[in-house]
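Novice: What follows is a structure written as structure tokens; I'll ask about it next.
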Amino acid sequence: MSTNQPAHAVPTTGSGGRAPDARQLRAILIAVSIALMAVIASVSGLNVAQTQLAVEFGASQNTILWIINIYTLTLAALLLPLGAIGDRLGRKPMLIAGLAVFGVANVVAGLAPNAEVMLGARVVGGIGAAMIMPITLAVITATFPEEQRGKAIGVWTGVAGGGGILGMFLSALLVDVADWRWLFVLPVVLVIAALFMALKAVPNSREHAANAFDSVGALISVVAVVGLIVVLQEGPERGWTAPVTLISLTVGLLATVGFVAWELGRRDAALLDVRHFGERGLAGGSITLLVVFGVQAGIAVVLFPFFQAVLGWSGLLATVAQMPLAVAMMITSGLAPTLAERIGARFTMALGIASGGVGLALMALFASVDGGYLSILPGMFAMGIGMGLAMTPSTQAITSSLPREKQGVASALNDVTRELGTALGVAMLGALVATGYRNAIDGKLDGIPQDTADTAREGIANAVAAADGAGAHAQQLVHAAQQSFVDGWQQAMWVGVAIMGALFLYILAVGPKNTITYPTQDAEAPEPIASH
């Protein structure tokens, strides 16, 4: 039950103030999906051009990683505040402004003469993305009738889940056939298309809040998210006991505790009323997304080295190889609402989690150097199917747990959970694979010169590079590194299976109700009327 004081959701009238018809609803869904795709594609796109960026700017690997990660860090930190501001100022104006900021930032990034300009453009791009991403989902929940909302959220979820892989494929293709600067053409084109459609089709709605904007809560939330994300990004690189890691962890945890305490004190005037986490839908949906996106991101971390260092594939082919996972995820995301209507949201989530766990188990059992791509393909399919089935009802559970006038905040919370899960999965599963690799390769380096063996212990890419100077030991070194990487991967997958198993039992026991309903608004808070 909502504890927020009613706030007037004010419609913007036009075209007679009519509710959107089927044609306009399709146009709205296409517009927000294109906008979301632009944001998601930019998260992973630059990963395929790290070498080119380093050469172009004469930058260190640490600088290149900051160019890539600063976008995600800015995006995650500002989601909650900008989602709440969008609820108040109007969702359509926030979407349009975000697209404009995001588009300009990508133009500047594409023309950047040095690393400093690129870093600044990526920060501004993250700000624009944080204006766009929560609004895309909030527009859906505010305009689509309840009987059609689940299917629309399914499409949104499919784009959010599979868009990263699709974006990485297009980015790899552009780098292969043209130049790294062309990477920024894709988001600019998507922004132009989204702007055109949003101006024409997306209706506006906003709330007249009874309380002032929670500026202190917004600031604390930014500090908390930045602290936690920096820990997860820098820990694997600098070490978990490095000063910057420990300081970030301390700041992040203290700010999180402070945020909860402050929001409890604000109650009805809170940026995010944390009391809603006592509801099964919000807690279950958030935990599911955290784990599922963490597992997906962790899988992505090991798939690229497997395809490139173990199988010897190019970056473009390695990206294409992940398409079955993305396609399965996008298809089942769209089918999940129909299945949820038949067997219930909780059982659909549980089925998806179980399928994801089976996918991890299949990869743990059958992944091998000799088996190659076919040894992991069934596991990838099962993972994609499971993630699609789990993500859509989880997103619905989150957005339905907060009042209609707080849908920007609900959408932002959904997005922050995804970003934190992604960072956590990369850090945890990546560390497990690295540890497993080092433990496995120690017994396979007999007879190899000490310097070469020490280099090989650092990672499979280092081992493959060191093989060029290993002389007669080259084949032994490469084979040892490849087999050790698969051994470490299998160990990490079994940990993932255990985590998914625990999540499965949790959702069955205390997951969201099988029927998801959205809060209705009383006479003091009329539902937004869509308009052109």
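In the structure tokens, chains take the letters A, B, ... in the order shown, each chain's residues start at 1, and ligands count up from 1 in the order shown.
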When you look at segment 383-393 of chain A with a cut-off of 9 Å (counting only C-alpha atoms), what residues show up, excluding the ones that are within fewer than 3 positions of it in the same chain? I need them as a CSV table (one decimal) with N, CA and C atoms, in the first residue's frame.

Specialist:
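Ended up saving to around_32.csv:
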```csv
chain,number,residue,atom,x,y,z
A,150,GLY,N,1.9,-4.7,-19.7
A,150,GLY,CA,2.9,-5.8,-19.5
A,150,GLY,C,3.6,-6.1,-20.8
A,151,LYS,N,2.9,-6.2,-21.9
A,151,LYS,CA,3.6,-6.5,-23.2
A,151,LYS,C,4.5,-5.3,-23.6
A,153,ILE,N,6.1,-3.3,-21.5
A,153,ILE,CA,7.3,-3.5,-20.6
A,153,ILE,C,8.2,-4.6,-21.1
A,154,GLY,N,7.5,-5.7,-21.6
A,154,GLY,CA,8.3,-6.8,-22.2
A,154,GLY,C,9.2,-6.3,-23.3
A,155,VAL,N,8.7,-5.5,-24.2
A,155,VAL,CA,9.5,-5.0,-25.3
A,155,VAL,C,10.7,-4.1,-24.7
A,156,TRP,N,10.3,-3.2,-23.8
A,156,TRP,CA,11.3,-2.4,-23.2
A,156,TRP,C,12.4,-3.2,-22.5
A,157,THR,N,12.0,-4.3,-21.8
A,157,THR,CA,13.0,-5.1,-21.1
A,157,THR,C,13.9,-5.8,-22.1
A,158,GLY,N,13.3,-6.3,-23.2
A,158,GLY,CA,14.1,-7.0,-24.3
A,158,GLY,C,15.2,-6.0,-24.8
A,161,GLY,N,17.8,-5.5,-22.1
A,161,GLY,CA,18.7,-6.7,-21.9
A,161,GLY,C,19.5,-7.0,-23.1
A,285,GLY,N,11.4,-8.1,-7.0
A,285,GLY,CA,11.8,-7.6,-8.3
A,285,GLY,C,13.2,-7.0,-8.4
A,288,THR,N,15.9,-9.8,-7.9
A,288,THR,CA,16.0,-10.6,-9.1
A,288,THR,C,16.8,-9.9,-10.2
A,289,LEU,N,16.5,-8.7,-10.4
A,289,LEU,CA,17.2,-7.9,-11.5
A,289,LEU,C,18.7,-7.8,-11.1
A,292,VAL,N,20.2,-11.3,-11.8
A,292,VAL,CA,20.1,-11.7,-13.2
A,292,VAL,C,21.1,-10.9,-14.1
A,293,PHE,N,21.1,-9.5,-13.9
A,293,PHE,CA,22.0,-8.7,-14.6
A,293,PHE,C,23.4,-8.9,-14.2
A,296,GLN,N,24.4,-12.0,-16.1
A,296,GLN,CA,24.6,-11.7,-17.6
A,296,GLN,C,25.9,-11.0,-17.8
A,324,PRO,N,22.8,-15.3,-30.3
A,324,PRO,CA,21.8,-16.2,-29.9
A,324,PRO,C,21.3,-15.9,-28.5
A,325,LEU,N,22.2,-15.5,-27.5
A,325,LEU,CA,21.7,-15.1,-26.2
A,325,LEU,C,20.9,-13.9,-26.2
A,326,ALA,N,21.3,-12.9,-27.0
A,326,ALA,CA,20.5,-11.6,-27.1
A,326,ALA,C,19.1,-11.9,-27.7
A,327,VAL,N,19.1,-12.6,-28.8
A,327,VAL,CA,17.8,-12.9,-29.5
A,327,VAL,C,16.9,-13.7,-28.6
A,328,ALA,N,17.4,-14.7,-28.0
A,328,ALA,CA,16.5,-15.5,-27.1
A,328,ALA,C,16.0,-14.6,-26.0
A,329,MET,N,16.8,-13.8,-25.4
A,329,MET,CA,16.4,-12.9,-24.4
A,329,MET,C,15.3,-11.9,-24.8
A,330,MET,N,15.5,-11.3,-26.0
A,330,MET,CA,14.5,-10.3,-26.5
A,330,MET,C,13.2,-11.0,-26.8
A,331,ILE,N,13.2,-12.2,-27.4
A,331,ILE,CA,12.0,-12.9,-27.7
A,331,ILE,C,11.2,-13.3,-26.5
A,332,THR,N,11.9,-13.9,-25.5
A,332,THR,CA,11.2,-14.3,-24.3
A,332,THR,C,10.7,-13.2,-23.4
A,333,SER,N,11.4,-12.0,-23.5
A,333,SER,CA,11.0,-10.8,-22.8
A,333,SER,C,9.6,-10.4,-23.3
A,334,GLY,N,9.4,-10.5,-24.6
A,334,GLY,CA,8.1,-10.2,-25.1
A,334,GLY,C,7.0,-11.2,-24.8
A,335,LEU,N,7.4,-12.5,-24.6
A,335,LEU,CA,6.4,-13.5,-24.4
A,335,LEU,C,6.1,-13.6,-22.9
A,336,ALA,N,7.0,-13.1,-22.0
A,336,ALA,CA,6.8,-13.3,-20.6
A,336,ALA,C,5.5,-12.8,-20.0
A,337,PRO,N,5.0,-11.6,-20.5
A,337,PRO,CA,3.7,-11.1,-20.0
A,337,PRO,C,2.6,-12.1,-20.2
A,339,LEU,N,2.8,-15.3,-20.6
A,339,LEU,CA,3.0,-16.5,-19.7
A,339,LEU,C,2.6,-16.1,-18.3
A,340,ALA,N,2.9,-14.9,-17.9
A,340,ALA,CA,2.6,-14.5,-16.5
A,340,ALA,C,1.1,-14.4,-16.3
A,345,ALA,N,2.9,-14.1,-12.2
A,345,ALA,CA,4.2,-13.4,-12.3
A,345,ALA,C,5.3,-14.1,-11.5
A,346,ARG,N,5.0,-14.6,-10.3
A,346,ARG,CA,6.0,-15.2,-9.4
A,346,ARG,C,6.5,-16.5,-10.1
A,348,THR,N,6.4,-17.3,-13.2
A,348,THR,CA,7.2,-16.9,-14.5
A,348,THR,C,8.6,-16.5,-14.1
A,349,MET,N,8.8,-15.7,-13.1
A,349,MET,CA,10.1,-15.3,-12.6
A,349,MET,C,10.9,-16.6,-12.2
A,350,ALA,N,10.3,-17.4,-11.4
A,350,ALA,CA,10.9,-18.6,-11.0
A,350,ALA,C,11.4,-19.5,-12.1
A,351,LEU,N,10.5,-19.7,-13.1
A,351,LEU,CA,10.8,-20.4,-14.3
A,351,LEU,C,12.0,-19.9,-15.0
A,352,GLY,N,12.0,-18.5,-15.2
A,352,GLY,CA,13.2,-17.9,-15.8
A,352,GLY,C,14.5,-18.1,-15.0
A,353,ILE,N,14.4,-17.9,-13.7
A,353,ILE,CA,15.6,-18.1,-12.9
A,353,ILE,C,16.1,-19.5,-13.0
A,354,ALA,N,15.2,-20.5,-13.0
A,354,ALA,CA,15.6,-21.9,-13.1
A,354,ALA,C,16.2,-22.2,-14.5
A,355,SER,N,15.6,-21.6,-15.5
A,355,SER,CA,16.2,-21.8,-16.9
A,355,SER,C,17.6,-21.2,-16.9
A,356,GLY,N,17.8,-20.0,-16.3
A,356,GLY,CA,19.1,-19.4,-16.3
A,356,GLY,C,20.1,-20.2,-15.5
A,357,GLY,N,19.7,-20.8,-14.4
A,357,GLY,CA,20.5,-21.7,-13.7
A,357,GLY,C,20.9,-22.9,-14.5
A,358,VAL,N,20.0,-23.5,-15.2
A,358,VAL,CA,20.3,-24.6,-16.1
A,358,VAL,C,21.3,-24.2,-17.1
A,359,GLY,N,21.2,-23.0,-17.7
A,359,GLY,CA,22.1,-22.6,-18.7
A,359,GLY,C,23.5,-22.5,-18.1
A,360,LEU,N,23.7,-21.9,-16.9
A,360,LEU,CA,25.0,-21.9,-16.3
A,360,LEU,C,25.5,-23.3,-16.0
A,378,PRO,N,24.2,-24.4,-26.2
A,378,PRO,CA,22.9,-24.7,-25.4
A,378,PRO,C,22.8,-23.9,-24.1
A,379,GLY,N,23.9,-23.8,-23.4
A,379,GLY,CA,23.9,-23.0,-22.2
A,379,GLY,C,23.5,-21.5,-22.5
A,380,MET,N,24.1,-21.0,-23.6
A,380,MET,CA,23.7,-19.6,-23.9
A,380,MET,C,22.2,-19.4,-24.2
A,396,GLN,N,8.0,-5.2,-14.0
A,396,GLN,CA,6.6,-4.9,-13.6
A,396,GLN,C,6.4,-4.8,-12.1
A,397,ALA,N,7.0,-5.8,-11.4
A,397,ALA,CA,6.9,-5.8,-10.0
A,397,ALA,C,7.4,-4.5,-9.3
A,398,ILE,N,8.5,-4.0,-9.8
A,398,ILE,CA,9.1,-2.8,-9.3
A,398,ILE,C,8.2,-1.6,-9.6
A,512,PRO,N,7.1,-11.8,-5.6
A,512,PRO,CA,5.9,-11.0,-5.8
A,512,PRO,C,4.7,-11.8,-6.0
A,516,ILE,N,0.1,-9.0,-10.8
A,516,ILE,CA,0.7,-7.7,-10.6
A,516,ILE,C,-0.4,-6.6,-11.0
```

Novice: Do you know which residues are at most 12 Å from Val291 of chain A counting only C-alpha atoms, after dropping those on the same chain fewer than 5 positions away, and could you put them as a ChimeraX atom specification?

Specialist: /A:284-286,296-298,353,356-357,387,390-391,394,417-426,428-429,496-504

Novice: Please save N, CA and C atoms of the selected residues as a short mmCIF file (atom, residue, chain, number, x, y, z; two decimals), in the first residue's frame.

Specialist:
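Final output, saved to again-v9.cif:
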```cif
data_model
loop_
_atom_site.label_atom_id
_atom_site.label_comp_id
_atom_site.auth_asym_id
_atom_site.auth_seq_id
_atom_site.Cartn_x
_atom_site.Cartn_y
_atom_site.Cartn_z
N GLY A 284 11.40 -8.36 -4.20
CA GLY A 284 11.65 -9.51 -5.06
C GLY A 284 12.11 -9.10 -6.46
N GLY A 285 11.45 -8.08 -7.02
CA GLY A 285 11.84 -7.62 -8.35
C GLY A 285 13.24 -7.04 -8.36
N SER A 286 13.59 -6.26 -7.35
CA SER A 286 14.91 -5.64 -7.29
C SER A 286 16.01 -6.68 -7.13
N GLN A 296 24.42 -12.03 -16.14
CA GLN A 296 24.59 -11.73 -17.56
C GLN A 296 25.92 -11.00 -17.81
N ALA A 297 26.20 -10.00 -16.99
CA ALA A 297 27.43 -9.24 -17.17
C ALA A 297 28.65 -10.11 -16.90
N GLY A 298 28.56 -10.96 -15.89
CA GLY A 298 29.68 -11.85 -15.59
C GLY A 298 29.94 -12.82 -16.72
N ILE A 353 14.38 -17.93 -13.73
CA ILE A 353 15.58 -18.11 -12.90
C ILE A 353 16.09 -19.54 -13.01
N GLY A 356 17.78 -19.97 -16.34
CA GLY A 356 19.11 -19.35 -16.29
C GLY A 356 20.11 -20.21 -15.54
N GLY A 357 19.67 -20.79 -14.43
CA GLY A 357 20.54 -21.68 -13.67
C GLY A 357 20.94 -22.91 -14.46
N MET A 387 16.65 -15.39 -18.74
CA MET A 387 16.75 -13.97 -18.40
C MET A 387 15.56 -13.19 -18.92
N ALA A 390 12.59 -13.84 -16.69
CA ALA A 390 12.70 -13.29 -15.32
C ALA A 390 12.64 -11.77 -15.30
N MET A 391 13.19 -11.11 -16.32
CA MET A 391 13.36 -9.67 -16.26
C MET A 391 12.04 -8.90 -16.39
N SER A 394 9.85 -8.96 -13.28
CA SER A 394 10.59 -8.27 -12.22
C SER A 394 10.45 -6.76 -12.38
N THR A 417 19.26 -0.58 -10.14
CA THR A 417 19.45 -1.98 -9.76
C THR A 417 20.18 -2.74 -10.85
N ARG A 418 19.81 -2.49 -12.11
CA ARG A 418 20.48 -3.14 -13.23
C ARG A 418 21.96 -2.75 -13.29
N GLU A 419 22.25 -1.46 -13.12
CA GLU A 419 23.63 -1.00 -13.22
C GLU A 419 24.48 -1.57 -12.08
N LEU A 420 23.93 -1.58 -10.86
CA LEU A 420 24.67 -2.14 -9.73
C LEU A 420 24.88 -3.64 -9.92
N GLY A 421 23.86 -4.33 -10.41
CA GLY A 421 23.99 -5.76 -10.67
C GLY A 421 25.06 -6.05 -11.70
N THR A 422 25.09 -5.24 -12.77
CA THR A 422 26.09 -5.42 -13.81
C THR A 422 27.50 -5.25 -13.26
N ALA A 423 27.70 -4.17 -12.49
CA ALA A 423 29.03 -3.92 -11.92
C ALA A 423 29.42 -5.02 -10.94
N LEU A 424 28.46 -5.47 -10.14
CA LEU A 424 28.73 -6.52 -9.16
C LEU A 424 29.07 -7.84 -9.85
N GLY A 425 28.33 -8.17 -10.90
CA GLY A 425 28.58 -9.42 -11.63
C GLY A 425 29.94 -9.44 -12.29
N VAL A 426 30.31 -8.31 -12.93
CA VAL A 426 31.62 -8.22 -13.58
C VAL A 426 32.73 -8.39 -12.54
N MET A 428 32.56 -9.77 -9.41
CA MET A 428 32.58 -11.04 -8.69
C MET A 428 32.94 -12.21 -9.59
N LEU A 429 32.21 -12.39 -10.69
CA LEU A 429 32.49 -13.52 -11.57
C LEU A 429 33.84 -13.36 -12.26
N GLY A 496 27.72 -19.39 -9.86
CA GLY A 496 26.52 -18.78 -10.41
C GLY A 496 25.30 -19.66 -10.27
N VAL A 497 25.47 -20.97 -10.47
CA VAL A 497 24.35 -21.92 -10.31
C VAL A 497 23.84 -21.88 -8.87
N ALA A 498 24.74 -21.84 -7.90
CA ALA A 498 24.34 -21.80 -6.50
C ALA A 498 23.57 -20.52 -6.19
N ILE A 499 24.03 -19.40 -6.73
CA ILE A 499 23.35 -18.12 -6.50
C ILE A 499 21.96 -18.14 -7.13
N MET A 500 21.86 -18.63 -8.34
CA MET A 500 20.55 -18.72 -9.00
C MET A 500 19.62 -19.68 -8.27
N GLY A 501 20.19 -20.75 -7.71
CA GLY A 501 19.37 -21.69 -6.94
C GLY A 501 18.79 -21.04 -5.69
N ALA A 502 19.62 -20.24 -5.00
CA ALA A 502 19.14 -19.53 -3.81
C ALA A 502 18.07 -18.51 -4.19
N LEU A 503 18.27 -17.81 -5.31
CA LEU A 503 17.27 -16.84 -5.77
C LEU A 503 15.97 -17.53 -6.14
N PHE A 504 16.06 -18.69 -6.77
CA PHE A 504 14.87 -19.47 -7.13
C PHE A 504 14.02 -19.79 -5.89
#
```

Novice: Find, counting only C-alpha atoms, the residue in A:Leu173, A:Val188, A:Val202, A:Ala472 that gets nearest to Pro20 of chain A.

Specialist: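 Selected residue with least distance to Pro20 of chain A: A:Val202.
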
Novice: Considering only C-alpha atoms, state which residue in the set A:Glu56, A:Leu228, A:Leu271, A:Ala242 is at the smallest distance from Ala255 of chain A.

Specialist: A:Leu228

Novice: Taking only segment 19-71 of chain A into account, list the residues labelled alpha helix (DSSP H) by DSSP (computed from the backbone), as an MDAnalysis selection string.

Specialist: chainID A and resid 22:44 50:57 61:71

Novice: So, counting only C-alpha atoms, which residue among A:Ala218, A:Ile64, A:Val464, A:Leu25 is closest to Pro81 of chain A?

Specialist: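 Distance minimum relative to Pro81 of chain A lands on A:Ala218.
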
Novice: What are the closest atom pairs, with distances in Å to one decimal, for each residue of segment 404-485 of chain A lying within 12 Å of segment 273-276 of chain A, using only C-alpha atoms, rows by chain and rising residue number, as JSON lines?

Specialist:
```
{"residue": "A:Lys406", "atom": "CA", "partner": "A:Asp273", "partner_atom": "CA", "distance": 10.1}
{"residue": "A:Val409", "atom": "CA", "partner": "A:Asp273", "partner_atom": "CA", "distance": 9.9}
{"residue": "A:Ala410", "atom": "CA", "partner": "A:Asp273", "partner_atom": "CA", "distance": 10.4}
{"residue": "A:Leu413", "atom": "CA", "partner": "A:Val274", "partner_atom": "CA", "distance": 11.0}
```

Novice: Could you save those same residues with C-alpha atoms as a PDB file, in the first residue's frame?

Specialist:
```pdb
ATOM      1  CA  LYS A 406       6.302   8.280  -8.808  1.00  0.00           C
ATOM      2  CA  VAL A 409      11.527   7.203  -9.506  1.00  0.00           C
ATOM      3  CA  ALA A 410      10.311   3.606  -9.909  1.00  0.00           C
ATOM      4  CA  LEU A 413      15.253   2.426  -9.217  1.00  0.00           C
TER       5      LEU A 413
END
```

Novice: Between A:Phe259, A:Tyr373, A:Phe144, A:Trp180, which has the minimum distance to Asp21 of chain A (counting only C-alpha atoms)?

Specialist: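 The shortest atom-to-atom distance to Asp21 of chain A comes from A:Phe144.
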
Novice: Residues within 9 Å of Leu73 of chain A, please, as a list in words. Count only C-alpha atoms; anything in the same chain fewer than 6 positions from it doesn't count.

Specialist: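 Near Leu73 of chain A, the qualifying residues are Val123, Gly126, Val225, Val226, Ile229, Val230 and Glu419 of chain A.
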
Novice: Keeping only N, CA and C atoms, take the residues you just selected and write them out as a short mmCIF file (atom, residue, chain, number, x, y, z; two decimals), in the first residue's frame.

Specialist:
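Final output, saved to again07.cif:
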```
data_model
loop_
_atom_site.label_atom_id
_atom_site.label_comp_id
_atom_site.auth_asym_id
_atom_site.auth_seq_id
_atom_site.Cartn_x
_atom_site.Cartn_y
_atom_site.Cartn_z
N VAL A 123 31.09 12.21 -19.78
CA VAL A 123 30.36 12.63 -18.58
C VAL A 123 29.03 13.27 -18.98
N GLY A 126 26.64 10.76 -20.14
CA GLY A 126 26.02 10.04 -19.02
C GLY A 126 24.89 10.81 -18.39
N VAL A 225 25.77 5.82 -4.72
CA VAL A 225 25.93 5.06 -5.96
C VAL A 225 27.34 5.20 -6.51
N VAL A 226 27.89 6.42 -6.50
CA VAL A 226 29.26 6.63 -6.99
C VAL A 226 30.24 5.79 -6.17
N ILE A 229 29.77 1.97 -7.05
CA ILE A 229 30.18 1.64 -8.41
C ILE A 229 31.69 1.72 -8.56
N VAL A 230 32.32 2.75 -7.96
CA VAL A 230 33.78 2.89 -8.04
C VAL A 230 34.47 1.68 -7.41
N GLU A 419 22.25 -1.46 -13.12
CA GLU A 419 23.63 -1.00 -13.22
C GLU A 419 24.48 -1.57 -12.08
#
```

Novice: For each of A:Gln475, A:Thr455, A:Gln491, A:Ser44, take the minimum atom-to-atom distance to Leu166 of chain A, counting only C-alpha atoms, then give the residue where this is smallest.

Specialist: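 Among the listed residues, A:Ser44 lies closest to Leu166 of chain A.
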
Novice: Just checking: using only C-alpha atoms, which residue out of A:Leu477, A:Val231, A:Ala361, A:Leu195 ends up closest to Ala100 of chain A?

Specialist: A:Leu195
